[in-house]
file entry.cif (mmCIF, C-alpha atoms (C1' of nucleotides))
data_coords
#
loop_
_atom_site.label_atom_id
_atom_site.label_comp_id
_atom_site.auth_asym_id
_atom_site.auth_seq_id
_atom_site.Cartn_x
_atom_site.Cartn_y
_atom_site.Cartn_z
CA MET A 169 -10.12 -21.02 -10.09
CA THR A 170 -13.74 -19.99 -10.61
CA SER A 171 -14.92 -18.06 -13.64
CA THR A 172 -15.51 -14.90 -11.61
CA ARG A 173 -12.01 -15.04 -10.18
CA ARG A 174 -10.51 -15.55 -13.62
CA VAL A 175 -12.44 -12.57 -14.97
CA PHE A 176 -11.27 -10.47 -12.02
CA VAL A 177 -7.61 -11.26 -12.71
CA GLU A 178 -7.72 -10.95 -16.49
CA ARG A 179 -9.71 -7.73 -16.68
CA LEU A 180 -7.54 -6.21 -13.96
CA LEU A 181 -4.33 -7.06 -15.83
CA ASP A 182 -5.81 -5.71 -19.07
CA TRP A 183 -6.79 -2.49 -17.32
CA TYR A 184 -3.31 -2.25 -15.81
CA HIS A 185 -1.61 -2.66 -19.17
CA GLU A 186 -3.48 0.36 -20.50
CA ASN A 187 -3.83 2.55 -17.41
CA GLY A 188 -1.18 1.52 -14.86
CA ARG A 189 1.25 3.97 -13.25
CA HIS A 190 4.17 2.34 -15.05
CA ALA A 191 6.53 5.30 -14.65
CA LEU A 192 6.72 5.28 -10.85
CA PRO A 193 10.47 5.38 -10.10
CA TRP A 194 10.53 2.49 -7.62
CA ARG A 195 9.03 0.19 -10.28
CA GLU A 196 12.07 0.44 -12.53
CA ASP A 197 13.66 -2.95 -13.18
CA SER A 198 17.09 -1.68 -12.15
CA ARG A 199 16.05 -1.00 -8.55
CA THR A 200 17.96 -2.95 -5.91
CA ALA A 201 16.23 -4.86 -3.13
CA PHE A 202 17.25 -2.15 -0.69
CA GLU A 203 15.84 0.59 -2.90
CA ILE A 204 12.59 -1.34 -3.13
CA LEU A 205 12.51 -1.80 0.64
CA VAL A 206 13.02 1.94 1.13
CA ALA A 207 10.16 2.66 -1.28
CA GLU A 208 7.81 0.34 0.60
CA VAL A 209 8.58 2.05 3.91
CA LEU A 210 8.09 5.53 2.43
CA LEU A 211 4.78 4.38 0.89
CA GLN A 212 3.29 3.25 4.22
CA ARG A 213 0.03 5.21 4.64
CA THR A 214 1.38 7.70 2.10
CA THR A 215 0.15 8.40 -1.43
CA ALA A 216 2.34 7.31 -4.33
CA SER A 217 2.26 10.83 -5.76
CA ALA A 218 3.69 12.21 -2.53
CA VAL A 219 6.50 9.65 -2.44
CA GLU A 220 7.32 10.38 -6.08
CA GLY A 221 8.57 13.82 -5.06
CA ALA A 222 11.06 12.53 -2.51
CA TYR A 223 12.10 9.04 -3.62
CA VAL A 224 14.66 9.57 -6.39
CA SER A 225 16.84 12.00 -4.45
CA PHE A 226 16.49 9.88 -1.29
CA VAL A 227 17.76 6.61 -2.77
CA ALA A 228 20.43 8.47 -4.75
CA ARG A 229 21.77 9.88 -1.47
CA TYR A 230 21.27 6.69 0.56
CA PRO A 231 21.66 3.79 -1.89
CA THR A 232 22.79 1.23 0.73
CA PRO A 233 22.19 0.43 4.42
CA ALA A 234 25.73 1.64 5.19
CA CYS A 235 25.07 5.01 3.56
CA LEU A 236 21.84 5.41 5.47
CA VAL A 237 23.37 4.49 8.84
CA ALA A 238 26.19 6.97 8.23
CA ALA A 239 23.74 9.82 7.55
CA PRO A 240 22.94 12.42 10.21
CA SER A 241 19.54 11.65 11.71
CA ASP A 242 18.41 15.22 11.15
CA ARG A 243 18.93 14.90 7.41
CA LEU A 244 16.80 11.74 7.28
CA VAL A 245 14.02 13.45 9.18
CA ASP A 246 14.19 16.45 6.84
CA ALA A 247 13.88 14.18 3.81
CA ILE A 248 10.81 12.39 5.17
CA GLU A 249 9.14 15.39 6.81
CA PRO A 250 7.06 16.37 3.72
CA LEU A 251 5.61 12.83 3.66
CA GLY A 252 4.48 12.81 7.27
CA LEU A 253 5.01 9.95 9.78
CA THR A 254 8.57 11.15 10.34
CA LYS A 255 9.23 8.35 12.82
CA ARG A 256 9.99 6.36 9.69
CA ALA A 257 13.38 8.09 9.62
CA GLY A 258 14.26 6.26 12.81
CA HIS A 259 12.69 3.08 11.48
CA LEU A 260 14.88 3.16 8.38
CA GLU A 261 17.91 3.96 10.48
CA ARG A 262 17.38 0.99 12.80
CA CYS A 263 16.38 -1.25 9.90
CA SER A 264 19.57 -0.40 8.04
CA ALA A 265 21.69 -1.10 11.11
CA GLN A 266 19.99 -4.47 11.50
CA LEU A 267 20.60 -5.27 7.82
CA TRP A 268 24.27 -4.49 8.27
CA GLU A 269 24.70 -6.41 11.51
CA ARG A 270 22.64 -9.51 10.75
CA TYR A 271 22.71 -9.83 6.97
CA ALA A 272 25.99 -8.21 5.89
CA GLY A 273 24.12 -5.28 4.43
CA ARG A 274 21.96 -7.45 2.16
CA VAL A 275 18.17 -7.54 2.15
CA PRO A 276 17.10 -11.06 3.18
CA ALA A 277 14.75 -13.00 0.91
CA GLU A 278 12.83 -14.75 3.68
CA ARG A 279 9.57 -13.45 5.09
CA THR A 280 10.41 -14.07 8.75
CA ALA A 281 13.80 -12.37 8.38
CA LEU A 282 12.16 -9.34 6.76
CA LEU A 283 9.54 -9.19 9.54
CA SER A 284 12.33 -9.04 12.13
CA LEU A 285 13.48 -5.70 10.68
CA HIS A 286 12.28 -2.54 12.40
CA GLY A 287 9.53 -0.81 10.45
CA VAL A 288 8.80 -3.89 8.32
CA GLY A 289 5.39 -5.50 8.86
CA GLU A 290 3.33 -8.06 6.99
CA TYR A 291 2.55 -5.86 3.99
CA THR A 292 6.05 -4.47 3.51
CA ALA A 293 7.68 -7.89 3.89
CA ARG A 294 5.44 -9.49 1.29
CA SER A 295 5.76 -6.55 -1.08
CA VAL A 296 9.56 -6.81 -0.97
CA LEU A 297 9.36 -10.57 -1.56
CA ILE A 298 7.19 -9.98 -4.61
CA HIS A 299 8.98 -7.04 -6.20
CA ALA A 300 12.59 -7.70 -5.21
CA PHE A 301 12.64 -11.50 -5.28
CA GLY A 302 9.77 -12.45 -7.59
CA GLU A 303 7.96 -14.52 -4.98
CA HIS A 304 4.52 -15.86 -5.89
CA THR A 305 2.16 -14.30 -3.33
CA VAL A 306 -0.02 -11.27 -2.58
CA ALA A 307 0.40 -8.38 -0.15
CA VAL A 308 -2.78 -6.97 1.38
CA ASP A 309 -2.82 -3.22 1.90
CA THR A 310 -5.74 -0.79 2.22
CA ASN A 311 -6.28 -0.81 -1.58
CA VAL A 312 -6.31 -4.59 -1.96
CA ARG A 313 -8.51 -4.92 1.10
CA ARG A 314 -11.07 -2.48 -0.27
CA LEU A 315 -11.07 -3.86 -3.82
CA VAL A 316 -11.31 -7.54 -2.85
CA SER A 317 -13.90 -6.94 -0.11
CA ARG A 318 -16.13 -4.97 -2.47
CA PHE A 319 -15.83 -7.24 -5.50
CA PHE A 320 -16.19 -10.57 -3.68
CA GLY A 321 -18.45 -9.28 -0.91
CA ILE A 322 -16.06 -10.36 1.85
CA ASP A 323 -15.73 -8.79 5.28
CA PRO A 324 -12.64 -6.54 4.95
CA HIS A 325 -11.32 -7.65 8.33
CA SER A 326 -11.87 -11.40 7.94
CA ASP A 327 -9.12 -13.97 7.45
CA ALA A 328 -10.93 -15.07 4.31
CA LEU A 329 -9.93 -11.87 2.57
CA GLY A 330 -6.22 -12.58 2.68
CA GLU A 331 -6.76 -16.18 1.61
CA THR A 332 -8.99 -15.10 -1.27
CA ALA A 333 -6.47 -12.51 -2.42
CA ASP A 334 -3.59 -14.97 -2.20
CA ALA A 335 -5.38 -17.49 -4.40
CA LEU A 336 -5.79 -14.87 -7.13
CA ALA A 337 -2.14 -14.14 -7.90
CA PRO A 338 -1.34 -15.38 -11.42
CA GLU A 339 1.78 -17.58 -11.65
CA GLY A 340 4.84 -15.56 -12.60
CA ARG A 341 3.03 -12.22 -12.56
CA SER A 342 2.62 -11.47 -8.85
CA GLY A 343 4.33 -8.10 -9.21
CA ASP A 344 2.17 -6.89 -12.07
CA PHE A 345 -0.93 -8.21 -10.34
CA LEU A 346 -0.23 -6.37 -7.10
CA HIS A 347 0.53 -3.17 -9.00
CA ALA A 348 -2.68 -3.66 -10.97
CA MET A 349 -4.77 -3.92 -7.79
CA LEU A 350 -3.04 -0.91 -6.23
CA ASP A 351 -3.44 1.34 -9.28
CA PHE A 352 -6.98 0.20 -10.00
CA ALA A 353 -8.09 0.72 -6.40
CA ALA A 354 -6.46 4.16 -6.34
CA SER A 355 -8.19 5.47 -9.47
CA VAL A 356 -11.36 3.40 -10.10
CA CYS A 357 -12.31 1.46 -6.96
CA ARG A 358 -11.52 4.49 -4.81
CA ALA A 359 -12.34 4.79 -1.12
CA ARG A 360 -14.68 7.73 -1.74
CA GLU A 361 -17.02 7.77 -4.72
CA PRO A 362 -15.76 4.76 -6.66
CA ARG A 363 -16.10 5.11 -10.44
CA CYS A 364 -18.44 2.18 -10.92
CA ASP A 365 -19.87 3.65 -14.14
CA SER A 366 -16.56 3.13 -15.94
CA CYS A 367 -15.45 0.02 -14.04
CA PRO A 368 -14.57 -3.01 -16.20
CA LEU A 369 -15.41 -5.30 -13.26
CA ARG A 370 -18.86 -3.98 -12.43
CA THR A 371 -20.84 -6.77 -14.10
CA ARG A 372 -19.44 -9.25 -11.59
CA CYS A 373 -18.96 -6.95 -8.61
CA ARG A 374 -20.96 -7.88 -5.51
CA ARG A 375 -21.00 -4.34 -4.21
CA PHE A 376 -22.14 -2.84 -7.52
CA GLU A 377 -24.84 -5.47 -7.96
CA SER A 378 -26.19 -4.94 -4.45
CA GLY A 379 -26.12 -1.19 -5.06
CA ARG A 380 -28.01 -1.67 -8.32
CA ALA A 381 -30.62 -3.77 -6.54
CA SER A 382 -31.20 -1.11 -3.93
CA ARG A 383 -31.37 1.61 -6.61
CA ILE A 384 -34.08 -0.34 -8.45
CA GLU A 385 -35.83 -0.81 -5.13
CA ARG A 386 -35.92 2.94 -4.55
CA SER A 387 -37.08 3.76 -8.06
CA GLN A 388 -40.19 1.59 -7.69
"C1'" DA B 230 -7.63 -4.39 20.86
"C1'" DA B 231 -7.12 0.32 20.67
"C1'" DG B 232 -4.27 4.45 20.23
"C1'" DT B 233 -0.86 7.08 17.71
"C1'" DC B 234 1.76 9.02 14.16
"C1'" DG B 235 1.27 13.29 9.98
"C1'" DG B 236 1.80 16.36 5.96
"C1'" DG B 237 -0.54 16.76 1.82
"C1'" DG B 238 -4.02 15.83 -1.64
"C1'" DT B 239 -8.96 15.21 -2.80
"C1'" DG B 240 -14.06 15.05 -3.14
"C1'" DC C 196 -13.38 20.82 5.72
"C1'" DA C 197 -13.69 15.91 6.70
"C1'" DC C 198 -11.67 12.06 4.77
"C1'" DC C 199 -7.92 9.24 3.02
"C1'" DC C 200 -3.20 7.67 1.99
"C1'" DA C 201 1.53 0.73 -0.84
"C1'" DG C 202 1.12 0.35 7.94
"C1'" DA C 203 3.65 -0.60 11.84
"C1'" DC C 204 4.83 0.33 16.55
"C1'" DT C 205 3.64 1.13 21.26
"C1'" DT C 206 0.65 0.80 25.16
#

call {"tool": "encode", "arguments": {"input": "entry.cif", "output": "structure tokens"}}
result
Amino acid sequence: MTSTRRVFVERLLDWYHENGRHALPWREDSRTAFEILVAEVLLQRTTASAVEGAYVSFVARYPTPACLVAAPSDRLVDAIEPLGLTKRAGHLERCSAQLWERYAGRVPAERTALLSLHGVGEYTARSVLIHAFGEHTVAVDTNVRRLVSRFFGIDPHSDALGETADALAPEGRSGDFLHAMLDFAASVCRAREPRCDSCPLRTRCRRFESGRASRIERSQ
DNA sequence: AAGTCGGGGTG
DNA sequence: CACCCAGACTT
């Protein structure tokens, strides 16, 4: 682990301790694997603040795959409608049926088994492994992709990005680390107008340094 | 590999 | 008002 990588991880975890969105309902320790899986599906391309408004009542009403399969499809669509991408109602329905048929209603703890579920892709599978089963890995979403590509100066679409991100996860703290990257990228390393002036990583950030160089260039 | 889904928040 | 959001499925 290089010095820059160590600084990235440590400053990110420090920032997260002080500024993380620790109260998000799906981060509660008591959540079941199924409740975590439901959260990950609802969060696909959807802001955490939007999911906050629908999540608690949703998992209270459909706490298990059997409950969800038994629900009228219309009710599932109604619950997801304010989040957009309402096809996820059907995804959850099929996913729950598959959980019941193949895994006795339990969420499997293997990546390939998770990927076989409808509506579960690479990100969602890894996120469930991390948060429900404590696996030591990283899940790359739009936030992680943006943060890692900017800081390390890596092409966002290259294979190197995922490998770089995976090597960063601190042993035994994969969950906190992923949450730290998500929260940090959502509020500091934002897609539009990142807050570099107050960023604790800026002294080592490739994007900030290159931006500083070009600003000096213009001022002379 | 590209297209599509989507309501809601934000700069 | 254009852009973006804890992506995955279909074509």

call {"tool": "atom_distance", "arguments": {"input": "entry.cif", "atom1": "atom CA of A:Glu339", "atom2": "atom CA of A:Leu205"}}
result
22.7 Å

call {"tool": "resolve_selection", "arguments": {"input": "entry.cif", "expression": "the PyMOL selection byres ((chain A and resi 301) around 10)", "output": "JSON list (two decimals) with C-alpha atoms, in the frame of the given file"}}
result
[["chain", "number", "residue", "atom", "x", "y", "z"],
["A", 201, "ALA", "CA", 16.23, -4.86, -3.13],
["A", 276, "PRO", "CA", 17.10, -11.06, 3.18],
["A", 277, "ALA", "CA", 14.75, -13.00, 0.91],
["A", 278, "GLU", "CA", 12.83, -14.75, 3.68],
["A", 294, "ARG", "CA", 5.44, -9.49, 1.29],
["A", 295, "SER", "CA", 5.76, -6.55, -1.08],
["A", 296, "VAL", "CA", 9.56, -6.81, -0.97],
["A", 297, "LEU", "CA", 9.36, -10.57, -1.56],
["A", 298, "ILE", "CA", 7.19, -9.98, -4.61],
["A", 299, "HIS", "CA", 8.98, -7.04, -6.20],
["A", 300, "ALA", "CA", 12.59, -7.70, -5.21],
["A", 302, "GLY", "CA", 9.77, -12.45, -7.59],
["A", 303, "GLU", "CA", 7.96, -14.52, -4.98],
["A", 304, "HIS", "CA", 4.52, -15.86, -5.89],
["A", 343, "GLY", "CA", 4.33, -8.10, -9.21]]

call {"tool": "atom_distance", "arguments": {"input": "entry.cif", "atom1": "atom CA of A:Leu181", "atom2": "atom CA of A:Trp194"}}
result
19.5 Å

call {"tool": "atom_distance", "arguments": {"input": "entry.cif", "atom1": "atom CA of A:Ile322", "atom2": "atom CA of A:Cys357"}}
result
15.2 Å

call {"tool": "resolve_selection", "arguments": {"input": "entry.cif", "expression": "the PyMOL selection byres ((chain C) within 8 of (chain A))", "output": "PyMOL selection string"}}
result
chain C and resi 199-204

call {"tool": "interface_residues", "arguments": {"input": "entry.cif", "of": "chain A", "to": "chain B", "cutoff": "6 Å", "atoms": "only C-alpha atoms (C1' of nucleotides)", "output": "number ranges by chain"}}
result
A: 250-253

call {"tool": "residues_around", "arguments": {"input": "entry.cif", "residues": "A:Thr170", "least_positions_apart": "6", "cutoff": "12 Å", "atoms": "all atoms listed in the file", "output": "ChimeraX atom specification"}}
result
/A:176-177,320,332,335-336

call {"tool": "resolve_selection", "arguments": {"input": "entry.cif", "expression": "the PyMOL selection byres ((chain A and resi 192) around 10)", "output": "compact mmCIF listing (two decimals) with C-alpha atoms, in the frame of the given file"}}
result
# COMPACT_ATOMS: atom_id res chain seq x y z
CA GLY A 188 -1.18 1.52 -14.86
CA ARG A 189 1.25 3.97 -13.25
CA HIS A 190 4.17 2.34 -15.05
CA ALA A 191 6.53 5.30 -14.65
CA PRO A 193 10.47 5.38 -10.10
CA TRP A 194 10.53 2.49 -7.62
CA ARG A 195 9.03 0.19 -10.28
CA GLU A 196 12.07 0.44 -12.53
CA ALA A 216 2.34 7.31 -4.33
CA SER A 217 2.26 10.83 -5.76
CA VAL A 219 6.50 9.65 -2.44
CA GLU A 220 7.32 10.38 -6.08
CA TYR A 223 12.10 9.04 -3.62

call {"tool": "residues_around", "arguments": {"input": "entry.cif", "residues": "A:Gln266", "least_positions_apart": "5", "cutoff": "9 Å", "atoms": "all atoms listed in the file", "output": "list in words"}}
result
Pro233, Glu261, Tyr271, Gly273, Ser284, Leu285 and His286 of chain A
